[in-house]
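J.: This is entry_15.pdb, which holds PDB, C-alpha atoms, pLDDT in the B column:
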ATOM      1  CA  MET U   1     -39.435  14.958 -22.735  1.00 40.00           C
ATOM      2  CA  SER U   2     -39.338  12.166 -20.197  1.00 41.00           C
ATOM      3  CA  MET U   3     -41.734   9.264 -19.994  1.00 38.00           C
ATOM      4  CA  PHE U   4     -43.707  11.010 -17.242  1.00 39.00           C
ATOM      5  CA  GLY U   5     -43.755  14.415 -18.901  1.00 45.00           C
ATOM      6  CA  ASN U   6     -41.332  16.007 -16.439  1.00 46.00           C
ATOM      7  CA  THR U   7     -37.983  17.184 -17.740  1.00 46.00           C
ATOM      8  CA  ASN U   8     -36.984  18.765 -14.415  1.00 47.00           C
ATOM      9  CA  LYS U   9     -34.067  16.735 -13.056  1.00 46.00           C
ATOM     10  CA  LYS U  10     -34.140  18.325  -9.595  1.00 46.00           C
ATOM     11  CA  LYS U  11     -33.492  15.785  -6.839  1.00 47.00           C
ATOM     12  CA  GLU U  12     -35.970  15.747  -4.003  1.00 45.00           C
ATOM     13  CA  ILE U  13     -34.813  14.991  -0.474  1.00 45.00           C
ATOM     14  CA  VAL U  14     -37.380  13.348   1.755  1.00 44.00           C
ATOM     15  CA  THR U  15     -37.309  14.219   5.454  1.00 44.00           C
ATOM     16  CA  ALA U  16     -38.746  11.423   7.539  1.00 45.00           C
ATOM     17  CA  THR U  17     -38.528   9.163  10.522  1.00 45.00           C
ATOM     18  CA  VAL U  18     -38.901   5.612   9.268  1.00 48.00           C
ATOM     19  CA  SER U  19     -39.580   2.530  11.388  1.00 46.00           C
ATOM     20  CA  SER U  20     -39.874  -1.084  10.410  1.00 47.00           C
ATOM     21  CA  SER U  21     -40.403  -4.218  12.387  1.00 45.00           C
ATOM     22  CA  ALA U  22     -40.198  -7.876  11.559  1.00 44.00           C
ATOM     23  CA  ASN U  23     -42.964 -10.221  12.503  1.00 47.00           C
ATOM     24  CA  PRO U  24     -43.838 -13.731  11.344  1.00 40.00           C
ATOM     25  CA  SER U  25     -46.722 -12.545   9.150  1.00 41.00           C
ATOM     26  CA  ASN U  26     -44.508 -10.373   6.936  1.00 44.00           C
ATOM     27  CA  GLY U  27     -41.337 -12.402   6.630  1.00 43.00           C
ATOM     28  CA  GLY U  28     -39.948 -12.462  10.157  1.00 46.00           C
ATOM     29  CA  SER U  29     -36.248 -12.037  10.794  1.00 51.00           C
ATOM     30  CA  ASN U  30     -35.392 -13.032   7.197  1.00 60.00           C
ATOM     31  CA  SER U  31     -36.763  -9.713   5.931  1.00 79.00           C
ATOM     32  CA  LEU U  32     -34.427  -7.210   4.270  1.00 86.00           C
ATOM     33  CA  ASN U  33     -35.184  -3.520   4.036  1.00 91.00           C
ATOM     34  CA  SER U  34     -33.584  -1.804   1.058  1.00 91.00           C
ATOM     35  CA  LEU U  35     -32.921   1.801   0.113  1.00 93.00           C
ATOM     36  CA  VAL U  36     -32.090   1.742  -3.601  1.00 94.00           C
ATOM     37  CA  TYR U  37     -29.616   3.831  -5.600  1.00 95.00           C
ATOM     38  CA  GLY U  38     -30.929   7.331  -6.330  1.00 94.00           C
ATOM     39  CA  THR U  39     -33.040   7.519  -3.166  1.00 95.00           C
ATOM     40  CA  GLN U  40     -32.114  10.089  -0.523  1.00 95.00           C
ATOM     41  CA  ILE U  41     -33.517  10.248   2.992  1.00 95.00           C
ATOM     42  CA  GLU U  42     -32.926  12.928   5.596  1.00 96.00           C
ATOM     43  CA  GLY U  43     -34.083  11.793   9.025  1.00 95.00           C
ATOM     44  CA  ASN U  44     -33.940   8.881  11.457  1.00 94.00           C
ATOM     45  CA  ILE U  45     -34.491   5.234  10.607  1.00 95.00           C
ATOM     46  CA  HIS U  46     -35.206   2.329  12.970  1.00 95.00           C
ATOM     47  CA  SER U  47     -35.307  -1.263  11.759  1.00 93.00           C
ATOM     48  CA  GLU U  48     -35.744  -4.578  13.550  1.00 93.00           C
ATOM     49  CA  SER U  49     -34.466  -6.553  10.539  1.00 94.00           C
ATOM     50  CA  ASP U  50     -31.467  -6.275   8.175  1.00 96.00           C
ATOM     51  CA  ILE U  51     -31.223  -3.144   6.056  1.00 96.00           C
ATOM     52  CA  ARG U  52     -29.244  -2.492   2.866  1.00 97.00           C
ATOM     53  CA  ILE U  53     -28.419   1.070   1.814  1.00 97.00           C
ATOM     54  CA  ASP U  54     -27.520   1.762  -1.830  1.00 97.00           C
ATOM     55  CA  GLY U  55     -28.920   5.295  -1.729  1.00 97.00           C
ATOM     56  CA  ALA U  56     -28.071   8.105   0.712  1.00 97.00           C
ATOM     57  CA  ILE U  57     -29.075   8.779   4.300  1.00 97.00           C
ATOM     58  CA  LYS U  58     -28.370  11.904   6.300  1.00 97.00           C
ATOM     59  CA  GLY U  59     -29.403  11.090   9.844  1.00 97.00           C
ATOM     60  CA  ASN U  60     -29.301   8.323  12.415  1.00 97.00           C
ATOM     61  CA  LEU U  61     -29.883   4.626  11.750  1.00 97.00           C
ATOM     62  CA  THR U  62     -30.736   2.149  14.501  1.00 97.00           C
ATOM     63  CA  CYS U  63     -30.943  -1.493  13.471  1.00 96.00           C
ATOM     64  CA  ASN U  64     -31.354  -4.528  15.721  1.00 95.00           C
ATOM     65  CA  ALA U  65     -29.778  -6.673  12.988  1.00 96.00           C
ATOM     66  CA  LYS U  66     -27.258  -6.092  10.165  1.00 97.00           C
ATOM     67  CA  VAL U  67     -26.624  -2.858   8.253  1.00 97.00           C
ATOM     68  CA  ILE U  68     -25.163  -3.163   4.759  1.00 98.00           C
ATOM     69  CA  ILE U  69     -23.910  -0.054   2.977  1.00 98.00           C
ATOM     70  CA  GLY U  70     -23.636  -1.095  -0.677  1.00 97.00           C
ATOM     71  CA  PRO U  71     -20.992   0.205  -3.125  1.00 97.00           C
ATOM     72  CA  SER U  72     -23.123   3.227  -4.072  1.00 97.00           C
ATOM     73  CA  GLY U  73     -24.418   3.780  -0.528  1.00 97.00           C
ATOM     74  CA  LEU U  74     -23.665   6.798   1.654  1.00 98.00           C
ATOM     75  CA  ILE U  75     -24.607   7.441   5.260  1.00 98.00           C
ATOM     76  CA  GLU U  76     -23.809  10.662   7.098  1.00 98.00           C
ATOM     77  CA  GLY U  77     -24.786  10.403  10.748  1.00 97.00           C
ATOM     78  CA  GLU U  78     -24.737   7.812  13.505  1.00 97.00           C
ATOM     79  CA  ILE U  79     -25.373   4.079  13.246  1.00 97.00           C
ATOM     80  CA  PHE U  80     -26.314   1.745  16.101  1.00 97.00           C
ATOM     81  CA  CYS U  81     -26.531  -1.910  15.004  1.00 97.00           C
ATOM     82  CA  LYS U  82     -25.611  -5.498  15.763  1.00 96.00           C
ATOM     83  CA  ASN U  83     -23.374  -6.108  12.692  1.00 97.00           C
ATOM     84  CA  ALA U  84     -22.345  -4.007   9.698  1.00 97.00           C
ATOM     85  CA  LEU U  85     -20.761  -4.454   6.281  1.00 98.00           C
ATOM     86  CA  ILE U  86     -19.528  -1.333   4.504  1.00 98.00           C
ATOM     87  CA  GLU U  87     -18.742  -1.298   0.790  1.00 98.00           C
ATOM     88  CA  GLY U  88     -19.627   2.351   0.145  1.00 97.00           C
ATOM     89  CA  ARG U  89     -19.098   5.509   2.199  1.00 98.00           C
ATOM     90  CA  PHE U  90     -19.810   6.382   5.805  1.00 98.00           C
ATOM     91  CA  GLU U  91     -19.179   9.626   7.728  1.00 98.00           C
ATOM     92  CA  GLY U  92     -20.034   9.937  11.399  1.00 97.00           C
ATOM     93  CA  ILE U  93     -20.171   7.612  14.398  1.00 97.00           C
ATOM     94  CA  LEU U  94     -20.407   3.817  14.073  1.00 96.00           C
ATOM     95  CA  ASN U  95     -21.629   1.827  17.094  1.00 96.00           C
ATOM     96  CA  ILE U  96     -21.432  -1.880  16.212  1.00 96.00           C
ATOM     97  CA  GLU U  97     -22.319  -4.410  18.901  1.00 95.00           C
ATOM     98  CA  GLU U  98     -20.568  -7.369  17.261  1.00 94.00           C
ATOM     99  CA  VAL U  99     -18.663  -7.357  13.911  1.00 95.00           C
ATOM    100  CA  LEU U 100     -17.834  -4.478  11.562  1.00 96.00           C
ATOM    101  CA  HIS U 101     -16.604  -5.598   8.128  1.00 97.00           C
ATOM    102  CA  ILE U 102     -15.076  -2.874   5.943  1.00 97.00           C
ATOM    103  CA  LYS U 103     -14.613  -3.947   2.318  1.00 97.00           C
ATOM    104  CA  GLU U 104     -11.774  -2.971  -0.049  1.00 96.00           C
ATOM    105  CA  LYS U 105     -13.481   0.004  -1.777  1.00 96.00           C
ATOM    106  CA  ALA U 106     -15.101   1.451   1.357  1.00 97.00           C
ATOM    107  CA  ARG U 107     -14.381   4.936   2.738  1.00 97.00           C
ATOM    108  CA  VAL U 108     -15.068   5.419   6.452  1.00 96.00           C
ATOM    109  CA  VAL U 109     -14.544   8.714   8.287  1.00 97.00           C
ATOM    110  CA  GLY U 110     -15.385   9.139  11.956  1.00 96.00           C
ATOM    111  CA  GLU U 111     -15.532   7.286  15.247  1.00 96.00           C
ATOM    112  CA  ILE U 112     -15.809   3.499  15.307  1.00 94.00           C
ATOM    113  CA  LYS U 113     -16.857   1.391  18.276  1.00 95.00           C
ATOM    114  CA  ALA U 114     -17.104  -2.367  17.700  1.00 93.00           C
ATOM    115  CA  SER U 115     -16.240  -5.684  19.334  1.00 92.00           C
ATOM    116  CA  LYS U 116     -14.560  -7.055  16.198  1.00 92.00           C
ATOM    117  CA  LEU U 117     -13.215  -5.317  13.115  1.00 92.00           C
ATOM    118  CA  ILE U 118     -12.410  -6.826   9.723  1.00 94.00           C
ATOM    119  CA  VAL U 119     -10.713  -4.497   7.238  1.00 94.00           C
ATOM    120  CA  GLN U 120      -9.977  -5.583   3.674  1.00 95.00           C
ATOM    121  CA  PRO U 121      -6.846  -4.229   1.930  1.00 95.00           C
ATOM    122  CA  GLY U 122      -7.643  -1.058  -0.024  1.00 95.00           C
ATOM    123  CA  ALA U 123     -10.239   0.285   2.400  1.00 96.00           C
ATOM    124  CA  VAL U 124      -9.786   3.927   3.437  1.00 94.00           C
ATOM    125  CA  ILE U 125     -10.388   4.640   7.113  1.00 94.00           C
ATOM    126  CA  ASN U 126      -9.852   7.954   8.876  1.00 94.00           C
ATOM    127  CA  GLY U 127     -10.976   8.151  12.473  1.00 92.00           C
ATOM    128  CA  SER U 128     -10.741   6.705  15.939  1.00 92.00           C
ATOM    129  CA  PHE U 129     -11.333   3.146  17.105  1.00 88.00           C
ATOM    130  CA  ASP U 130     -12.735   1.791  20.348  1.00 88.00           C
ATOM    131  CA  MET U 131     -12.431  -1.978  20.277  1.00 84.00           C
ATOM    132  CA  SER U 132     -14.209  -3.547  23.214  1.00 69.00           C
ATOM    133  CA  PRO U 133     -14.845  -7.253  23.712  1.00 64.00           C
ATOM    134  CA  ASP U 134     -18.333  -6.613  25.114  1.00 55.00           C
ATOM    135  CA  THR U 135     -19.877  -3.412  23.818  1.00 48.00           C
ATOM    136  CA  SER U 136     -23.617  -4.091  24.263  1.00 54.00           C
ATOM    137  CA  ILE U 137     -24.173  -0.906  22.275  1.00 51.00           C
ATOM    138  CA  LEU U 138     -27.829  -1.504  21.507  1.00 52.00           C
ATOM    139  CA  ASN U 139     -28.522  -1.965  25.218  1.00 48.00           C
ATOM    140  CA  GLY U 140     -26.515   1.067  26.330  1.00 49.00           C
ATOM    141  CA  GLY U 141     -23.575  -0.856  27.882  1.00 45.00           C
ATOM    142  CA  ASN U 142     -19.966   0.265  27.989  1.00 42.00           C
ATOM    143  CA  GLY U 143     -16.823  -1.786  27.409  1.00 41.00           C
ATOM    144  CA  THR U 144     -13.123  -1.223  27.735  1.00 39.00           C
ATOM    145  CA  THR U 145     -10.799   0.001  25.012  1.00 37.00           C
ATOM    146  CA  SER U 146      -8.188  -2.386  23.632  1.00 42.00           C
ATOM    147  CA  THR U 147      -5.769  -0.546  21.362  1.00 42.00           C
ATOM    148  CA  LYS U 148      -3.577  -3.652  20.937  1.00 44.00           C
ATOM    149  CA  GLU U 149      -6.514  -5.612  19.519  1.00 46.00           C
ATOM    150  CA  THR U 150      -7.339  -2.760  17.120  1.00 44.00           C
ATOM    151  CA  LEU U 151      -3.781  -2.616  15.808  1.00 47.00           C
ATOM    152  CA  LYS U 152      -3.686  -6.418  15.457  1.00 46.00           C
ATOM    153  CA  TYR U 153      -6.746  -6.338  13.168  1.00 47.00           C
ATOM    154  CA  ILE U 154      -5.427  -3.445  11.095  1.00 50.00           C
ATOM    155  CA  GLU U 155      -1.970  -5.019  10.714  1.00 47.00           C
ATOM    156  CA  SER U 156      -3.390  -8.396   9.669  1.00 45.00           C
ATOM    157  CA  ALA U 157      -5.636  -6.714   7.106  1.00 48.00           C
ATOM    158  CA  THR U 158      -2.794  -4.741   5.543  1.00 46.00           C
ATOM    159  CA  GLU U 159      -0.449  -7.765   5.524  1.00 50.00           C
ATOM    160  CA  ALA U 160      -3.011  -9.663   3.434  1.00 49.00           C
ATOM    161  CA  LYS U 161      -2.119  -7.509   0.388  1.00 46.00           C
TER     162      LYS U 161
END
Would you put the structure from the file into structure tokens?
T.:
Amino acid sequence: MSMFGNTNKKKEIVTATVSSSANPSNGGSNSLNSLVYGTQIEGNIHSESDIRIDGAIKGNLTCNAKVIIGPSGLIEGEIFCKNALIEGRFEGILNIEEVLHIKEKARVVGEIKASKLIVQPGAVINGSFDMSPDTSILNGGNGTTSTKETLKYIESATEAK
């Protein structure tokens, strides 16, 4: 018998639309939202401040700051954000306005649009890249594709082995 008297180990998935905003009275732009390991959310999330995902999200995530997918984190859906660091798993469409950093144990499947890409040796990536110097993704802008720049980043990351 568990501490709370419930031996049922069924996982519950919460369906929700979550919004957060930073303001000076609750920590301002230094605030960090966190979805911990074991938590699953199905729905859309909007955040004005940084967000770290160590649980699982099935849905869309819009963040006006940095998205961090921790080693145990999983997102299936679409992300719109300023910067991102991926250590865990992502499947879907990534729209990064500035820098996308993919760490060595990350697994990314889908479409990637970012101004700058950093890939550590060992990362697994399967998808398409659109590297544009000025994406303005959060504001709905469009840039131009630079395949040469994409290949330069990927080659330099794999040479670092």
J.: So which residues touch Ile68 in chain U within 10 Å, counting all atoms listed in the file, skipping near sequence neighbours fewer than 5 positions away, as a list in words?
T.: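 Once the adjacent positions are removed, what remains is Ser34, Asp50, Ile51, Arg52, Ile53, Asp54, Gly73, Asn83, Ala84, Leu85, Ile86, Glu87, Gly88 and His101 of chain U.
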J.: What gap, in Å, lies between CA of Phe90 in chain U and CA of Ser31 in chain U?
T.: 23.4 Å
J.: Would you place a box with edges along x, y and z of the file around all atoms of range 98-110 of chain U listed there, add 5 Å to each of its six sides, and report the centre and edge lengths in Å to one decimal, as lines of an AutoDock Vina configuration file?
T.:
center_x = -16.2
center_y = 0.9
center_z = 7.7
size_x = 18.8
size_y = 26.5
size_z = 29.0
J.: Would you mind reading off the distance between CA of Asn33 in chain U and CA of Ile79 in chain U, one decimal, in Å?
T.: 15.5 Å
J.: Distance CA of Leu32 in chain U-CA of Val109 in chain U, one decimal place?
T.: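 Interatomic distance, CA of Leu32 in chain U to CA of Val109 in chain U: 25.8 Å.
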J.: Is it possible to get the residues within 10 Å of (-18.8, 6.6, 1.7) (coordinates as in the file, counting only C-alpha atoms) written as a ChimeraX atom specification?
T.: /U:56,69-76,86-91,105-109,124
J.: Nearest to Cys81 in chain U among U:Phe129, U:Leu117, U:Ile102, U:Leu94, with distances taken over all atoms listed in the file: which residue is it?
T.: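 Looking only at the distances to Cys81 in chain U, the closest residue turns out to be U:Leu94.
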J.: Between U:Leu61, U:Leu35, U:Ile45, U:Val119, single out the one closest to Ile93 in chain U, counting all atoms listed in the file.
T.: U:Leu61
J.: As a ChimeraX atom specification, please: the residues near Glu104 in chain U (cut-off 6 Å, all atoms listed in the file, same-chain neighbours under 5 positions excluded).
T.: /U:120-123
